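Have a look at target-v9.cif below; it lists mmCIF, C-alpha atoms, pLDDT in the B column; chains and numbers go by the auth columns.
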data_query
#
loop_
_atom_site.group_PDB
_atom_site.id
_atom_site.type_symbol
_atom_site.label_atom_id
_atom_site.label_comp_id
_atom_site.label_asym_id
_atom_site.label_seq_id
_atom_site.Cartn_x
_atom_site.Cartn_y
_atom_site.Cartn_z
_atom_site.B_iso_or_equiv
_atom_site.auth_seq_id
_atom_site.auth_asym_id
ATOM 1 C CA MET A 1 115.985 101.333 116.462 82.00 1 A
ATOM 2 C CA ALA A 2 116.989 104.937 115.766 88.00 2 A
ATOM 3 C CA ASN A 3 114.367 107.395 117.007 94.00 3 A
ATOM 4 C CA GLN A 4 113.906 111.155 116.888 95.00 4 A
ATOM 5 C CA ASP A 5 111.344 113.090 118.917 96.00 5 A
ATOM 6 C CA LEU A 6 109.302 115.646 116.983 96.00 6 A
ATOM 7 C CA VAL A 7 106.690 118.164 118.117 97.00 7 A
ATOM 8 C CA TYR A 8 104.180 119.860 115.811 97.00 8 A
ATOM 9 C CA ASP A 9 101.316 122.239 116.486 97.00 9 A
ATOM 10 C CA ILE A 10 98.468 121.174 114.208 97.00 10 A
ATOM 11 C CA THR A 11 97.385 124.811 113.735 97.00 11 A
ATOM 12 C CA LYS A 12 100.425 125.286 111.474 96.00 12 A
ATOM 13 C CA VAL A 13 100.860 128.787 112.972 96.00 13 A
ATOM 14 C CA PRO A 14 104.613 129.464 112.662 95.00 14 A
ATOM 15 C CA GLU A 15 104.883 131.194 116.046 95.00 15 A
ATOM 16 C CA LEU A 16 103.498 128.102 117.808 96.00 16 A
ATOM 17 C CA GLN A 17 105.954 125.641 116.276 96.00 17 A
ATOM 18 C CA VAL A 18 108.822 124.092 118.209 92.00 18 A
ATOM 19 C CA LYS A 19 112.169 124.380 116.407 90.00 19 A
ATOM 20 C CA GLN A 20 112.173 121.505 113.929 89.00 20 A
ATOM 21 C CA GLN A 21 114.788 118.780 113.716 93.00 21 A
ATOM 22 C CA THR A 22 116.014 117.685 110.312 96.00 22 A
ATOM 23 C CA LEU A 23 115.643 113.957 109.639 97.00 23 A
ATOM 24 C CA TYR A 24 118.712 112.338 108.102 96.00 24 A
ATOM 25 C CA ALA A 25 118.778 108.964 106.354 96.00 25 A
ATOM 26 C CA ARG A 26 120.736 107.112 103.707 96.00 26 A
ATOM 27 C CA VAL A 27 119.458 105.455 100.548 96.00 27 A
ATOM 28 C CA GLY A 28 118.598 101.911 101.582 94.00 28 A
ATOM 29 C CA ASP A 29 117.633 102.720 105.176 95.00 29 A
ATOM 30 C CA GLY A 30 114.210 101.732 106.481 92.00 30 A
ATOM 31 C CA GLY A 31 112.442 99.590 109.017 93.00 31 A
ATOM 32 C CA LEU A 32 114.743 100.705 111.841 94.00 32 A
ATOM 33 C CA LYS A 33 114.360 104.471 111.621 95.00 33 A
ATOM 34 C CA ALA A 34 111.457 105.912 113.608 96.00 34 A
ATOM 35 C CA VAL A 35 110.095 109.188 114.889 97.00 35 A
ATOM 36 C CA THR A 36 107.953 109.741 117.960 97.00 36 A
ATOM 37 C CA VAL A 37 105.627 112.633 117.238 97.00 37 A
ATOM 38 C CA LYS A 38 103.763 114.761 119.749 97.00 38 A
ATOM 39 C CA VAL A 39 100.887 116.741 118.261 98.00 39 A
ATOM 40 C CA LEU A 40 99.654 119.946 119.871 97.00 40 A
ATOM 41 C CA SER A 41 96.755 122.273 119.111 96.00 41 A
ATOM 42 C CA ASN A 42 97.351 125.837 120.279 96.00 42 A
ATOM 43 C CA GLN A 43 100.094 124.407 122.516 95.00 43 A
ATOM 44 C CA ALA A 44 97.696 121.964 124.227 97.00 44 A
ATOM 45 C CA ASP A 45 97.703 118.178 123.755 97.00 45 A
ATOM 46 C CA TYR A 46 95.820 117.171 120.607 97.00 46 A
ATOM 47 C CA ASN A 47 93.425 114.246 121.088 97.00 47 A
ATOM 48 C CA LEU A 48 94.265 111.499 118.576 97.00 48 A
ATOM 49 C CA THR A 49 91.395 109.177 119.557 96.00 49 A
ATOM 50 C CA GLY A 50 89.938 107.641 116.404 95.00 50 A
ATOM 51 C CA LEU A 51 92.559 109.236 114.163 97.00 51 A
ATOM 52 C CA GLU A 52 94.941 107.383 111.861 96.00 52 A
ATOM 53 C CA PRO A 53 98.435 108.840 111.301 97.00 53 A
ATOM 54 C CA ARG A 54 99.907 108.605 107.826 96.00 54 A
ATOM 55 C CA PHE A 55 103.110 109.784 106.200 97.00 55 A
ATOM 56 C CA GLU A 56 102.967 111.519 102.832 96.00 56 A
ATOM 57 C CA GLY A 57 105.793 112.924 100.785 96.00 57 A
ATOM 58 C CA VAL A 58 107.451 113.611 97.463 97.00 58 A
ATOM 59 C CA LYS A 59 111.000 112.304 97.266 97.00 59 A
ATOM 60 C CA ALA A 60 113.905 114.117 95.636 97.00 60 A
ATOM 61 C CA ASP A 61 113.344 112.296 92.338 96.00 61 A
ATOM 62 C CA GLY A 62 109.643 113.188 92.238 96.00 62 A
ATOM 63 C CA THR A 63 108.292 109.772 93.237 95.00 63 A
ATOM 64 C CA ARG A 64 105.628 109.809 95.945 95.00 64 A
ATOM 65 C CA ILE A 65 105.015 107.934 99.159 96.00 65 A
ATOM 66 C CA ILE A 66 101.689 107.680 100.992 94.00 66 A
ATOM 67 C CA ASP A 67 102.109 105.193 103.810 95.00 67 A
ATOM 68 C CA GLN A 68 99.224 104.226 106.085 91.00 68 A
ATOM 69 C CA ASN A 69 100.963 101.226 107.637 92.00 69 A
ATOM 70 C CA GLY A 70 103.912 102.714 109.540 93.00 70 A
ATOM 71 C CA GLY A 71 102.079 104.795 112.129 95.00 71 A
ATOM 72 C CA VAL A 72 100.688 103.715 115.499 97.00 72 A
ATOM 73 C CA VAL A 73 99.082 105.899 118.173 97.00 73 A
ATOM 74 C CA LEU A 74 100.898 105.490 121.504 97.00 74 A
ATOM 75 C CA ASP A 75 99.013 107.972 123.683 97.00 75 A
ATOM 76 C CA PRO A 76 95.701 109.193 122.191 97.00 76 A
ATOM 77 C CA GLN A 77 94.904 111.677 124.940 97.00 77 A
ATOM 78 C CA GLY A 78 98.451 112.995 124.999 97.00 78 A
ATOM 79 C CA GLY A 79 98.618 113.363 121.216 97.00 79 A
ATOM 80 C CA VAL A 80 101.572 111.003 120.707 98.00 80 A
ATOM 81 C CA PHE A 81 102.161 108.576 117.850 98.00 81 A
ATOM 82 C CA ARG A 82 105.155 106.725 116.445 97.00 82 A
ATOM 83 C CA TYR A 83 106.008 106.265 112.812 97.00 83 A
ATOM 84 C CA VAL A 84 108.543 103.795 111.408 97.00 84 A
ATOM 85 C CA PHE A 85 109.826 104.627 107.929 97.00 85 A
ATOM 86 C CA PRO A 86 109.744 101.812 105.347 95.00 86 A
ATOM 87 C CA LYS A 87 112.637 101.265 102.933 93.00 87 A
ATOM 88 C CA GLN A 88 110.603 102.865 100.155 94.00 88 A
ATOM 89 C CA ALA A 89 110.889 106.190 102.011 96.00 89 A
ATOM 90 C CA PHE A 90 114.646 106.313 101.404 97.00 90 A
ATOM 91 C CA THR A 91 115.212 105.247 97.824 96.00 91 A
ATOM 92 C CA ALA A 92 116.170 108.599 96.265 96.00 92 A
ATOM 93 C CA LYS A 93 119.214 110.702 97.136 96.00 93 A
ATOM 94 C CA GLY A 94 118.560 114.319 98.072 97.00 94 A
ATOM 95 C CA ASP A 95 116.109 116.472 99.993 98.00 95 A
ATOM 96 C CA TYR A 96 112.428 115.622 100.039 98.00 96 A
ATOM 97 C CA VAL A 97 110.453 118.043 97.878 98.00 97 A
ATOM 98 C CA GLN A 98 107.740 117.910 100.545 98.00 98 A
ATOM 99 C CA ALA A 99 106.875 115.667 103.477 98.00 99 A
ATOM 100 C CA PHE A 100 104.347 115.815 106.302 98.00 100 A
ATOM 101 C CA PHE A 101 102.112 113.712 108.519 98.00 101 A
ATOM 102 C CA VAL A 102 98.350 113.619 108.097 97.00 102 A
ATOM 103 C CA LEU A 103 95.747 112.597 110.665 97.00 103 A
ATOM 104 C CA ILE A 104 92.662 110.964 109.173 96.00 104 A
ATOM 105 C CA ARG A 105 89.221 110.019 110.436 94.00 105 A
ATOM 106 C CA GLY A 106 86.960 108.960 107.574 91.00 106 A
ATOM 107 C CA ASN A 107 86.798 111.968 105.239 91.00 107 A
ATOM 108 C CA GLN A 108 88.267 114.324 107.856 94.00 108 A
ATOM 109 C CA VAL A 109 91.920 115.213 107.337 95.00 109 A
ATOM 110 C CA ASP A 110 94.398 117.482 109.088 96.00 110 A
ATOM 111 C CA SER A 111 98.151 117.724 108.633 97.00 111 A
ATOM 112 C CA THR A 112 101.356 118.895 110.261 97.00 112 A
ATOM 113 C CA ILE A 113 103.739 121.469 108.871 97.00 113 A
ATOM 114 C CA ASP A 114 106.393 120.183 106.466 97.00 114 A
ATOM 115 C CA LEU A 115 109.181 117.912 107.673 96.00 115 A
ATOM 116 C CA ASN A 116 112.799 118.440 106.658 96.00 116 A
ATOM 117 C CA ILE A 117 114.179 115.130 105.348 97.00 117 A
ATOM 118 C CA LYS A 118 117.623 114.725 103.800 97.00 118 A
ATOM 119 C CA VAL A 119 118.618 111.403 102.216 97.00 119 A
ATOM 120 C CA GLN A 120 122.320 110.775 101.716 97.00 120 A
ATOM 121 C CA ASP A 121 123.824 108.831 98.836 95.00 121 A
ATOM 122 C CA ASN A 122 124.671 105.125 99.036 95.00 122 A
ATOM 123 C CA GLN A 123 127.554 104.212 96.730 91.00 123 A
ATOM 124 C CA VAL A 124 128.023 100.740 98.189 93.00 124 A
ATOM 125 C CA GLU A 125 124.686 99.027 97.627 88.00 125 A
ATOM 126 C CA PHE A 126 123.206 98.563 94.158 83.00 126 A
ATOM 127 C CA GLY A 127 119.750 97.748 92.882 82.00 127 A
ATOM 128 C CA ILE A 128 117.867 100.178 95.126 88.00 128 A
ATOM 129 C CA ASN A 129 115.146 101.429 92.811 89.00 129 A
ATOM 130 C CA SER A 130 112.942 104.399 93.598 91.00 130 A
ATOM 131 C CA LYS A 131 109.248 104.255 92.734 91.00 131 A
ATOM 132 C CA ASP A 132 105.896 105.444 93.993 90.00 132 A
ATOM 133 C CA TYR A 133 104.855 103.746 97.231 91.00 133 A
ATOM 134 C CA LEU A 134 101.131 104.062 97.885 88.00 134 A
ATOM 135 C CA THR A 135 100.106 101.499 100.483 82.00 135 A
ATOM 136 C CA GLU A 136 96.352 102.148 100.249 66.00 136 A
ATOM 137 C CA TYR A 137 96.415 101.760 96.450 54.00 137 A
ATOM 138 C CA ASP A 138 98.662 98.688 96.624 57.00 138 A
ATOM 139 C CA GLN A 139 96.342 97.114 99.195 60.00 139 A
ATOM 140 C CA LEU A 140 93.321 97.753 96.948 57.00 140 A
ATOM 141 C CA ILE A 141 95.119 96.174 93.996 59.00 141 A
ATOM 142 C CA LYS A 142 95.965 93.130 96.123 54.00 142 A
ATOM 143 C CA GLU A 143 92.338 92.756 97.247 60.00 143 A
ATOM 144 C CA VAL A 144 91.097 92.892 93.643 57.00 144 A
ATOM 145 C CA THR A 145 93.792 90.450 92.512 61.00 145 A
ATOM 146 C CA ASP A 146 92.934 88.037 95.334 58.00 146 A
ATOM 147 C CA LYS A 147 89.223 88.155 94.418 61.00 147 A
ATOM 148 C CA GLU A 148 90.046 87.454 90.764 63.00 148 A
ATOM 149 C CA GLU A 149 92.256 84.528 91.761 66.00 149 A
ATOM 150 C CA ASN A 150 89.560 83.094 94.057 63.00 150 A
ATOM 151 C CA PHE A 151 86.980 83.428 91.268 61.00 151 A
ATOM 152 C CA LYS A 152 89.275 81.639 88.796 68.00 152 A
ATOM 153 C CA ASN A 153 89.934 78.838 91.269 67.00 153 A
ATOM 154 C CA ASP A 154 86.216 78.457 91.972 68.00 154 A
ATOM 155 C CA LEU A 155 85.409 78.421 88.251 69.00 155 A
ATOM 156 C CA ASN A 156 88.116 75.829 87.589 75.00 156 A
ATOM 157 C CA GLN A 157 86.765 73.626 90.382 74.00 157 A
ATOM 158 C CA ARG A 158 83.239 73.850 88.973 73.00 158 A
ATOM 159 C CA PHE A 159 84.580 72.877 85.559 71.00 159 A
ATOM 160 C CA VAL A 160 86.423 69.898 87.048 73.00 160 A
ATOM 161 C CA ASN A 161 83.283 68.800 88.882 76.00 161 A
ATOM 162 C CA TYR A 162 81.210 69.132 85.703 74.00 162 A
ATOM 163 C CA THR A 163 83.680 67.155 83.583 80.00 163 A
ATOM 164 C CA ASP A 164 83.786 64.462 86.276 76.00 164 A
ATOM 165 C CA ARG A 165 79.979 64.205 86.095 77.00 165 A
ATOM 166 C CA ILE A 166 80.096 63.935 82.312 83.00 166 A
ATOM 167 C CA LYS A 167 82.785 61.229 82.493 79.00 167 A
ATOM 168 C CA ALA A 168 80.773 59.266 85.036 78.00 168 A
ATOM 169 C CA ALA A 169 77.647 59.547 82.863 75.00 169 A
ATOM 170 C CA GLU A 170 79.556 58.502 79.741 76.00 170 A
ATOM 171 C CA ASP A 171 80.960 55.470 81.567 77.00 171 A
ATOM 172 C CA ARG A 172 77.467 54.547 82.711 76.00 172 A
ATOM 173 C CA MET A 173 76.085 54.960 79.187 76.00 173 A
ATOM 174 C CA ALA A 174 78.834 52.738 77.823 78.00 174 A
ATOM 175 C CA ALA A 175 77.956 50.094 80.391 73.00 175 A
ATOM 176 C CA LEU A 176 74.266 50.274 79.444 70.00 176 A
ATOM 177 C CA GLU A 177 75.112 50.047 75.751 74.00 177 A
ATOM 178 C CA ALA A 178 77.202 46.966 76.422 75.00 178 A
ATOM 179 C CA ARG A 179 74.265 45.383 78.240 68.00 179 A
ATOM 180 C CA PHE A 180 71.949 46.114 75.303 70.00 180 A
ATOM 181 C CA LYS A 181 74.394 44.554 72.854 71.00 181 A
ATOM 182 C CA ALA A 182 74.603 41.510 75.080 69.00 182 A
ATOM 183 C CA ASN A 183 70.781 41.348 75.194 65.00 183 A
ATOM 184 C CA ASP A 184 71.038 42.068 78.917 60.00 184 A
ATOM 185 C CA TYR A 185 68.130 44.490 79.031 59.00 185 A
ATOM 186 C CA ILE A 186 67.399 46.786 81.924 59.00 186 A
ATOM 187 C CA SER A 187 64.098 47.534 83.541 62.00 187 A
ATOM 188 C CA HIS A 188 62.201 50.783 83.098 63.00 188 A
ATOM 189 C CA SER A 189 62.858 51.704 86.724 67.00 189 A
ATOM 190 C CA GLU A 190 66.627 51.180 86.284 64.00 190 A
ATOM 191 C CA LEU A 191 66.670 53.446 83.241 64.00 191 A
ATOM 192 C CA GLU A 192 64.594 56.070 85.009 68.00 192 A
ATOM 193 C CA GLY A 193 66.918 55.987 88.012 68.00 193 A
ATOM 194 C CA PHE A 194 69.910 56.434 85.750 63.00 194 A
ATOM 195 C CA MET A 195 68.416 59.458 84.038 64.00 195 A
ATOM 196 C CA VAL A 196 67.664 61.098 87.392 63.00 196 A
ATOM 197 C CA ASN A 197 71.028 60.401 89.012 63.00 197 A
ATOM 198 C CA HIS A 198 73.283 60.979 86.007 56.00 198 A
ATOM 199 C CA ALA A 199 71.615 63.713 83.982 56.00 199 A
ATOM 200 C CA LEU A 200 74.095 65.548 81.839 48.00 200 A
ATOM 201 C CA PHE A 201 72.187 68.796 81.905 47.00 201 A
ATOM 202 C CA ASP A 202 71.438 69.193 85.600 50.00 202 A
ATOM 203 C CA LEU A 203 71.347 72.986 85.534 46.00 203 A
ATOM 204 C CA GLU A 204 70.565 73.302 89.214 51.00 204 A
ATOM 205 C CA SER A 205 73.749 71.535 90.238 50.00 205 A
ATOM 206 C CA LEU A 206 75.816 73.574 87.808 47.00 206 A
ATOM 207 C CA ASN A 207 74.686 76.801 89.438 52.00 207 A
ATOM 208 C CA LYS A 208 75.699 75.746 92.949 52.00 208 A
#
Can you present the structure in this file as structure tokens?
Amino acid sequence: MANQDLVYDITKVPELQVKQQTLYARVGDGGLKAVTVKVLSNQADYNLTGLEPRFEGVKADGTRIIDQNGGVVLDPQGGVFRYVFPKQAFTAKGDYVQAFFVLIRGNQVDSTIDLNIKVQDNQVEFGINSKDYLTEYDQLIKEVTDKEENFKNDLNQRFVNYTDRIKAAEDRMAALEARFKANDYISHSELEGFMVNHALFDLESLNK
């Protein structure tokens, strides 16, 4: 895995910043390109305990990336985390319009200075499409879609159970009708038991 070491002072004060490396990639790269980032605050180690690192940027073609999945804190007390770029980070040729890391805890947010990212052309591979990549939004959409699918499956199962009950009751009614036609009468207790056990409109069971 290719890795570059970066150092940022979270104050964003220019005089406190270490000389920045430019990140180079090619369209189609991703998954094997990483950066190890050390975060300082006034040149002292920045405590990352409880913070979540994310990468945010606007690619050369104007599409955005907000990725909360690629970062992992390696040394909270020392202010060190690693970030692995996904393929969606390198889908547009050219320089990033803007890119930076954010550190999040609930509604609290801080960010690094801008990164310099240059993405070279790829004239060999085809079908690499650039689009917005928003992992938090995509995850929310998946959760909603999964809930809708589970609800549909549950509703379908209830419908199947209900139709099975109706079929069983209809079969039982047909059997009773055949007995009547054959003058094979049933007792009051048999009829009462049938009505209790095979009611077509058992609302309580339908609501379970």
Seminar exercise, completed: If you count only C-alpha atoms, the residue of A:Arg158, A:Leu48, A:Asp110, A:Val119 closest to Gly78 (chain A) turns out to be A:Leu48
Exercise. Mind listing as a list in words all residues within 10 Å of (103.3, 114.3, 118.4), counting all atoms listed in the file?
Worked result: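 Selection result: Asp5, Leu6, Val7, Tyr8, Asp9, Ile10, Val35, Thr36, Val37, Lys38, Val39, Leu40, Asp45, Tyr46, Leu48, Val73, Leu74, Asp75, Pro76, Gly78, Gly79, Val80, Phe81, Arg82, Phe101 and Thr112 of chain A.
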For this session: Just give me the gap between CA of Arg54 (chain A) and CA of Ala92 (chain A) in Å, one decimal is fine.
Result: 20.0 Å
For this session: Work out how far apart CA of Gln4 (chain A) and CA of Asn47 (chain A) are and give it in Å to one decimal.
Result: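 So the answer is 21.1 Å.
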Exercise. Of the candidates A:Asp67, A:Glu52, A:Asp164, A:Glu177, which one gets nearest to Ile104 (chain A) if we count all atoms listed in the file?
Worked result: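 Once distances to Ile104 (chain A) are computed over all atoms listed in the file, the minimum belongs to A:Glu52.
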For this session: With all atoms listed in the file counted, which protein, DNA or RNA residues have an atom no more than 8 Å from (111.5, 120.6, 103.5) in the file frame? Please answer as a VMD selection string.
Result: chain A and resid 95 to 99 114 to 117
For this session: Just the residues within 12 Å of Glu125 (chain A), please, counting all atoms listed in the file, with nothing from its chain fewer than 6 positions along; format it as a ChimeraX atom specification.
Result: /A:26-29,91
For this session: Give as a list in words the residues that the PyMOL selection byres ((chain A and resi 1) around 7) matches when applied to the coordinates above.
Result: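 Checked against the file, the PyMOL selection byres ((chain A and resi 1) around 7) matches Ala2, Asn3, Leu32 and Lys33 of chain A.
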For this session: Apply the PyMOL selection byres ((chain A and resi 133) around 12) to the file shown and report the selected residues as an MDAnalysis selection string.
Result: chainID A and resid 55:59 62:69 85:91 129:132 134:139
Problem set entry | Straight-line distance linking CA of Asp61 (chain A) with CA of Ile113 (chain A), stated in Å to one decimal |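 Between CA of Asp61 (chain A) and CA of Ile113 (chain A) the gap works out to 21.2 Å.
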